[in-house]
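File shown: data.tsv (TSV, C-alpha atoms).
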```
chain	number	residue	atom	x	y	z
A	23	MET	CA	-33.56	-42.13	57.29
A	24	ARG	CA	-32.57	-45.16	55.26
A	25	LYS	CA	-29.16	-46.68	55.94
A	26	PHE	CA	-26.92	-48.93	53.84
A	27	LEU	CA	-23.98	-51.02	54.96
A	28	SER	CA	-20.84	-49.81	53.21
A	29	LEU	CA	-19.29	-52.21	50.69
A	30	SER	CA	-15.91	-51.86	52.33
A	31	TYR	CA	-17.36	-52.94	55.69
A	32	LEU	CA	-19.11	-55.95	54.15
A	33	PHE	CA	-15.96	-56.96	52.27
A	34	ALA	CA	-13.87	-56.73	55.44
A	35	LEU	CA	-16.43	-58.80	57.32
A	36	VAL	CA	-16.47	-61.51	54.67
A	37	MET	CA	-12.66	-61.64	54.47
A	38	THR	CA	-12.39	-61.86	58.25
A	39	CYS	CA	-14.78	-64.82	58.33
A	40	ALA	CA	-12.88	-66.48	55.48
A	41	LEU	CA	-9.65	-66.46	57.49
A	42	PHE	CA	-11.13	-68.55	60.28
A	43	THR	CA	-12.97	-71.87	60.36
A	44	SER	CA	-15.74	-70.22	62.39
A	45	CYS	CA	-16.71	-66.57	62.39
A	46	GLU	CA	-17.41	-65.48	65.96
A	47	LYS	CA	-19.69	-62.47	66.15
A	48	ASP	CA	-18.17	-59.45	67.86
A	49	ASP	CA	-20.00	-56.61	69.56
A	50	TYR	CA	-20.12	-54.56	66.35
A	51	ASP	CA	-21.82	-57.39	64.44
A	52	ARG	CA	-24.33	-57.85	67.25
A	53	ALA	CA	-25.04	-54.11	67.36
A	54	ILE	CA	-25.74	-54.07	63.62
A	55	GLU	CA	-28.21	-56.94	63.97
A	56	LEU	CA	-29.84	-55.43	67.06
A	57	SER	CA	-30.31	-51.96	65.52
A	58	GLY	CA	-33.78	-51.69	64.07
A	59	GLU	CA	-37.38	-52.39	64.98
A	60	TRP	CA	-38.63	-55.53	66.78
A	61	THR	CA	-41.98	-56.87	67.91
A	62	GLY	CA	-43.14	-59.80	70.01
A	63	TYR	CA	-43.38	-61.03	73.57
A	64	PHE	CA	-41.04	-59.30	76.01
A	65	GLY	CA	-42.59	-60.44	79.29
A	66	THR	CA	-43.21	-56.90	80.55
A	67	TYR	CA	-45.79	-56.01	83.16
A	68	TYR	CA	-47.06	-53.27	85.45
A	69	THR	CA	-48.94	-53.41	88.76
A	70	VAL	CA	-51.70	-51.27	90.27
A	71	GLU	CA	-53.63	-51.49	93.51
A	72	ASN	CA	-56.80	-53.55	93.40
A	73	PRO	CA	-59.45	-51.25	94.95
A	74	ARG	CA	-61.40	-54.18	96.39
A	75	THR	CA	-58.55	-56.18	97.98
A	76	HIS	CA	-56.04	-53.30	98.25
A	77	LYS	CA	-53.36	-55.68	96.97
A	78	GLU	CA	-51.08	-55.31	93.94
A	79	GLU	CA	-52.57	-56.65	90.73
A	80	ALA	CA	-50.23	-57.40	87.80
A	81	PHE	CA	-51.05	-57.03	84.09
A	82	VAL	CA	-48.71	-58.53	81.49
A	83	ALA	CA	-48.28	-56.94	78.05
A	84	ASP	CA	-49.74	-58.88	75.13
A	85	ARG	CA	-47.14	-57.43	72.75
A	86	THR	CA	-44.11	-55.16	72.88
A	87	ASP	CA	-42.52	-53.08	70.10
A	88	LEU	CA	-38.93	-51.91	70.49
A	89	ALA	CA	-36.83	-49.64	68.27
A	90	PHE	CA	-33.03	-49.70	68.76
A	91	TYR	CA	-31.13	-46.71	67.34
A	92	PRO	CA	-27.31	-46.67	67.31
A	93	ASP	CA	-25.64	-43.51	68.58
A	94	HIS	CA	-23.85	-43.34	65.22
A	95	ASP	CA	-23.32	-45.78	62.36
A	96	TYR	CA	-21.93	-49.09	63.63
A	97	ALA	CA	-21.95	-47.91	67.24
A	98	ARG	CA	-22.11	-50.55	69.98
A	99	TYR	CA	-24.46	-48.35	72.00
A	100	GLY	CA	-27.40	-46.05	71.49
A	101	TYR	CA	-30.95	-45.31	72.59
A	102	GLY	CA	-34.39	-46.65	71.90
A	103	TYR	CA	-38.14	-46.55	72.42
A	104	GLN	CA	-40.40	-49.26	73.77
A	105	VAL	CA	-44.18	-49.55	73.58
A	106	ASP	CA	-46.07	-52.18	75.61
A	107	TYR	CA	-49.55	-53.03	74.32
A	108	PHE	CA	-52.37	-54.42	76.45
A	109	ASN	CA	-55.52	-55.76	74.81
A	110	ARG	CA	-58.77	-54.21	75.94
A	111	GLY	CA	-59.89	-56.01	79.08
A	112	ASN	CA	-56.30	-56.72	80.11
A	113	GLY	CA	-55.89	-53.91	82.62
A	114	PRO	CA	-56.66	-50.20	82.76
A	115	TYR	CA	-53.81	-49.09	80.48
A	116	SER	CA	-53.71	-49.92	76.77
A	117	LYS	CA	-50.20	-48.57	76.02
A	118	LEU	CA	-47.11	-47.81	78.07
A	119	TYR	CA	-44.18	-45.92	76.58
A	120	TYR	CA	-40.53	-46.05	77.65
A	121	TYR	CA	-37.26	-44.47	76.61
A	122	PHE	CA	-34.17	-46.60	77.12
A	123	LYS	CA	-30.44	-46.69	76.46
A	124	TRP	CA	-28.62	-49.77	75.23
A	125	SER	CA	-25.07	-51.00	74.81
A	126	ILE	CA	-23.25	-54.23	74.05
A	127	ASN	CA	-20.14	-55.13	76.05
A	128	ASN	CA	-18.35	-58.45	75.49
A	129	GLY	CA	-21.56	-59.95	74.13
A	130	THR	CA	-23.77	-58.77	77.00
A	131	ILE	CA	-26.69	-56.55	75.98
A	132	ILE	CA	-27.34	-53.90	78.61
A	133	MET	CA	-30.64	-52.02	78.67
A	134	SER	CA	-31.15	-49.12	81.05
A	135	TYR	CA	-34.26	-47.00	81.58
A	136	PRO	CA	-33.30	-43.56	82.99
A	137	GLU	CA	-36.78	-42.82	84.36
A	138	PHE	CA	-37.40	-46.37	85.58
A	139	PRO	CA	-34.08	-47.79	86.85
A	140	GLU	CA	-35.85	-50.80	88.33
A	141	TYR	CA	-36.65	-51.87	84.77
A	142	SER	CA	-32.99	-51.96	83.70
A	143	GLY	CA	-31.39	-55.33	83.03
A	144	ARG	CA	-28.77	-57.41	81.22
A	145	ILE	CA	-29.23	-60.05	78.56
A	146	ARG	CA	-26.44	-62.62	78.34
A	147	ASN	CA	-28.03	-65.86	77.16
A	148	TYR	CA	-29.60	-65.07	73.78
A	149	HIS	CA	-29.72	-65.89	70.09
A	150	LEU	CA	-29.64	-62.84	67.82
A	151	THR	CA	-29.89	-62.79	64.02
A	152	SER	CA	-31.06	-60.23	61.48
A	153	ARG	CA	-34.56	-61.70	61.79
A	154	ARG	CA	-35.02	-62.98	65.35
A	155	PHE	CA	-34.06	-62.05	68.91
A	156	HIS	CA	-34.67	-64.82	71.42
A	157	GLY	CA	-33.19	-65.06	74.90
A	158	TYR	CA	-33.28	-64.57	78.63
A	159	PHE	CA	-32.90	-61.63	80.94
A	160	GLU	CA	-30.25	-62.21	83.56
A	161	GLY	CA	-31.72	-64.49	86.24
A	162	ALA	CA	-34.77	-65.36	84.12
A	163	THR	CA	-36.24	-68.86	83.82
A	164	GLU	CA	-38.33	-68.28	80.68
A	165	PRO	CA	-37.42	-66.50	77.44
A	166	PHE	CA	-38.62	-63.49	75.49
A	167	ASP	CA	-39.11	-63.83	71.73
A	168	LEU	CA	-38.99	-60.98	69.20
A	169	ASP	CA	-39.20	-60.80	65.40
A	170	LYS	CA	-37.50	-58.16	63.28
A	171	LEU	CA	-39.79	-55.68	61.55
A	172	SER	CA	-37.23	-53.41	59.93
A	173	ASN	CA	-33.46	-52.99	59.90
A	174	TYR	CA	-31.71	-49.71	60.59
A	175	TYR	CA	-28.92	-50.37	58.10
A	176	TYR	CA	-30.84	-51.67	55.10
A	177	MET	CA	-33.56	-50.46	52.80
A	178	GLU	CA	-36.64	-50.93	54.96
A	179	ASP	CA	-38.24	-47.92	56.58
A	180	TYR	CA	-39.43	-48.19	60.16
A	181	TYR	CA	-42.98	-49.41	60.48
A	182	HIS	CA	-43.89	-46.82	63.11
A	183	SER	CA	-42.93	-43.30	64.04
A	184	TYR	CA	-41.69	-43.66	67.59
A	185	HIS	CA	-42.05	-40.98	70.21
A	186	TYR	CA	-41.81	-41.02	73.95
A	187	TYR	CA	-45.02	-40.00	75.69
A	188	HIS	CA	-45.00	-39.08	79.34
A	189	GLN	CA	-48.77	-39.55	79.40
A	190	TRP	CA	-49.61	-43.25	79.27
A	191	TYR	CA	-52.78	-44.35	77.52
A	192	TYR	CA	-55.64	-45.00	79.92
A	193	ASP	CA	-58.88	-46.45	78.55
A	194	ASP	CA	-61.37	-45.45	81.27
A	195	TRP	CA	-61.34	-49.14	82.06
A	196	SER	CA	-63.82	-50.34	84.67
A	197	TRP	CA	-62.88	-52.75	87.43
A	198	ASP	CA	-66.44	-54.12	87.34
A	199	TYR	CA	-65.80	-56.38	84.35
A	200	TYR	CA	-62.46	-57.47	85.78
A	201	PHE	CA	-63.97	-58.45	89.11
A	202	TYR	CA	-66.80	-60.28	87.38
A	203	ALA	CA	-64.46	-62.23	85.11
A	204	LYS	CA	-62.19	-63.14	88.01
A	205	GLU	CA	-65.13	-64.31	90.09
A	206	ARG	CA	-66.57	-66.47	87.30
A	207	ASN	CA	-63.21	-68.19	86.89
A	208	ASP	CA	-62.88	-68.85	90.58
A	209	VAL	CA	-62.91	-72.46	91.80
A	210	ASN	CA	-66.12	-71.65	93.66
A	211	ALA	CA	-67.79	-70.37	90.51
A	212	GLU	CA	-71.35	-71.10	91.57
A	213	ALA	CA	-71.01	-69.18	94.81
A	214	SER	CA	-69.08	-66.39	93.10
A	215	GLU	CA	-71.73	-65.82	90.46
A	216	ALA	CA	-74.22	-65.10	93.21
A	217	LYS	CA	-72.16	-62.13	94.36
A	218	ALA	CA	-73.51	-58.76	93.38
A	219	ILE	CA	-71.56	-56.67	90.91
A	220	PRO	CA	-70.81	-53.23	92.40
A	221	SER	CA	-73.39	-50.72	91.28
A	222	GLU	CA	-70.89	-47.86	90.92
A	223	LYS	CA	-68.22	-48.16	88.24
A	224	LEU	CA	-64.66	-47.85	89.49
A	225	THR	CA	-63.17	-45.97	86.57
A	226	GLU	CA	-60.68	-43.75	88.36
A	227	LYS	CA	-57.20	-43.78	86.88
A	228	PRO	CA	-55.04	-46.06	89.09
A	229	LYS	CA	-51.46	-45.25	89.95
A	230	ILE	CA	-48.86	-47.63	88.53
A	231	LEU	CA	-46.89	-49.10	91.42
A	232	ARG	CA	-44.25	-51.19	89.70
A	233	ILE	CA	-43.06	-52.13	86.22
A	234	GLY	CA	-40.70	-54.88	85.18
A	235	ASN	CA	-40.23	-58.22	83.47
A	236	ILE	CA	-42.22	-61.18	84.74
A	237	TYR	CA	-39.20	-63.47	84.49
A	238	GLU	CA	-36.74	-61.22	86.28
A	239	LYS	CA	-34.92	-62.62	89.27
A	240	ASN	CA	-36.55	-61.64	92.57
```
Could you quickly redo this structure as structure tokens?
Amino acid sequence: MRKFLSLSYLFALVMTCALFTSCEKDDYDRAIELSGEWTGYFGTYYTVENPRTHKEEAFVADRTDLAFYPDHDYARYGYGYQVDYFNRGNGPYSKLYYYFKWSINNGTIIMSYPEFPEYSGRIRNYHLTSRRFHGYFEGATEPFDLDKLSNYYYMEDYYHSYHYYHQWYYDDWSWDYYFYAKERNDVNAEASEAKAIPSEKLTEKPKILRIGNIYEKN
């Protein structure tokens, strides 16, 4: 559904800013800017067990799309959907879907994932406009960077129809190519290339062990 900011709200916002030398954003302003659809690098990852080494292997998403819906117009909280995309060759899963809840309290953006509580986090140090969302998860050393695709309160329709899928997309990805690529990039490349590639393809669907953000505080 398309949304439009009411003229009375815009007028009140402009008048409030005019009364002060600087217009500090409050949680309602931030929520309006956050509501909508975003895309970019979010630093998300998942891990599975490497069948050869039996150690955890991490795969980082190439791109993440997020849709923030307010609970009601101008609400400082709501729900959303997240889709992590992995290019073919970057792990066994091509898409991971998440449902999350969000709120803004005294400038802090809180994101919680009911089915994956370990994924939940807070964002305090950030820059948020109607076009860009750039910042750090609490305890992070490197930033995420998202661009706005569509705004909940203006004329643009959402680019995608978001749904939450319990079944994640698995591409029948083979570990053979992954092992081969890793071995060729090894410091002992000449010796590695002499290793035989396993004759049987390891295409079984691996269990996801952990999900999270690569810059989260350990």
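Excluding range 127-144 of chain A itself and any same-chain residue fewer than 2 positions from it, the protein and nucleic acid residues within 8 Å of it, counting all atoms listed in the file, are A:Asp48, A:Asp49, A:Arg52, A:Arg98, A:Tyr120, A:Tyr121, A:Phe122, A:Lys123, A:Trp124, A:Ser125, A:Arg146, A:Phe159, A:Glu160, A:Ile233, A:Gly234, A:Asn235.
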> With all atoms listed in the file as the atoms that count, which of A:Phe108, A:Lys170, A:Ala162, A:Ser196 lies nearest to Leu150 in chain A?
Replying inline: A:Lys170
> So which one's closest to Leu231 in chain A, A:Tyr119, A:Tyr63, A:Tyr158, A:Phe81? Using only C-alpha atoms, please.
Replying inline: A:Phe81
> Using all atoms listed in the file, which residue out of A:Ile145, A:Ile236, A:Ile230, A:Ala89 lies closest to Asn72 in chain A?
Replying inline: A:Ile230
> Any idea what's packed within 9 Å of Lys229 in chain A, counting all atoms listed in the file, ignoring anything in its chain fewer than 4 positions away? Could you give it as a PyMOL selection string?
Replying inline: chain A and resi 69-71
> Do you have the CA of Arg232 in chain A-CA of Gly62 in chain A distance handy?
Replying inline: 21.5 Å
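For Gly58 in chain A, the residues within 7 Å (counting all atoms listed in the file, excluding itself and residues fewer than 5 positions away along the chain) are Ala89, Phe90, Tyr91, Ser172, Asn173 and Tyr174 of chain A.
For the pair CA of Asp95 in chain A and CA of Thr61 in chain A, the separation is 22.4 Å.
Residue nearest Tyr96 in chain A, chosen from A:Trp197, A:Tyr67, A:Tyr175, A:Trp60 and counting all atoms listed in the file: A:Tyr175.
Closest approach to Phe155 in chain A among A:Leu88, A:Leu168, A:Leu118, A:Ala97 is made by A:Leu168 (distances from all atoms listed in the file).
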>> So, with all atoms listed in the file as the atoms that count, which of A:Asp51, A:Asp198, A:Glu164, A:Glu78 lies closest to Asn147 in chain A?
In response: A:Glu164
> At what distance in Å, to one decimal, does CA of Asp167 in chain A lie from CA of His149 in chain A?
Replying inline: 9.8 Å
> Could you list as a VMD selection string every residue that has an atom within 12 Å of (-51.5, -47.8, 78.2), using the file's coordinates and counting only C-alpha atoms?
Replying inline: chain A and resid 67 to 68 81 to 86 105 to 120 187 to 195 227 to 228 230
Would you mind putting back N, CA and C atoms on range 65-76 of chain A, then writing it out as an mmCIF file, in the frame of the given file?
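This is the output file rebuild.cif:
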```cif
data_model
loop_
_atom_site.group_PDB
_atom_site.id
_atom_site.type_symbol
_atom_site.label_atom_id
_atom_site.label_comp_id
_atom_site.auth_asym_id
_atom_site.auth_seq_id
_atom_site.Cartn_x
_atom_site.Cartn_y
_atom_site.Cartn_z
ATOM 1 N N GLY A 65 -42.365 -60.083 77.894
ATOM 2 C CA GLY A 65 -42.590 -60.440 79.290
ATOM 3 C C GLY A 65 -42.732 -59.256 80.231
ATOM 4 N N THR A 66 -43.130 -58.097 79.722
ATOM 5 C CA THR A 66 -43.210 -56.900 80.550
ATOM 6 C C THR A 66 -44.565 -56.782 81.236
ATOM 7 N N TYR A 67 -44.567 -56.129 82.373
ATOM 8 C CA TYR A 67 -45.790 -56.010 83.160
ATOM 9 C C TYR A 67 -45.796 -54.689 83.940
ATOM 10 N N TYR A 68 -46.963 -54.356 84.469
ATOM 11 C CA TYR A 68 -47.060 -53.270 85.450
ATOM 12 C C TYR A 68 -48.057 -53.719 86.518
ATOM 13 N N THR A 69 -48.009 -53.082 87.678
ATOM 14 C CA THR A 69 -48.940 -53.410 88.760
ATOM 15 C C THR A 69 -49.664 -52.150 89.219
ATOM 16 N N VAL A 70 -50.907 -52.335 89.655
ATOM 17 C CA VAL A 70 -51.700 -51.270 90.270
ATOM 18 C C VAL A 70 -52.381 -51.868 91.498
ATOM 19 N N GLU A 71 -52.935 -51.013 92.316
ATOM 20 C CA GLU A 71 -53.630 -51.490 93.510
ATOM 21 C C GLU A 71 -55.057 -51.878 93.174
ATOM 22 N N ASN A 72 -55.428 -53.079 93.568
ATOM 23 C CA ASN A 72 -56.800 -53.550 93.400
ATOM 24 C C ASN A 72 -57.663 -52.822 94.435
ATOM 25 N N PRO A 73 -58.668 -52.040 93.999
ATOM 26 C CA PRO A 73 -59.450 -51.250 94.950
ATOM 27 C C PRO A 73 -60.334 -52.083 95.879
ATOM 28 N N ARG A 74 -60.574 -53.339 95.529
ATOM 29 C CA ARG A 74 -61.400 -54.180 96.390
ATOM 30 C C ARG A 74 -60.545 -54.875 97.455
ATOM 31 N N THR A 75 -59.401 -55.435 97.042
ATOM 32 C CA THR A 75 -58.550 -56.180 97.980
ATOM 33 C C THR A 75 -57.422 -55.337 98.540
ATOM 34 N N HIS A 76 -57.153 -54.177 97.878
ATOM 35 C CA HIS A 76 -56.040 -53.300 98.250
ATOM 36 C C HIS A 76 -54.698 -54.026 98.161
#
```
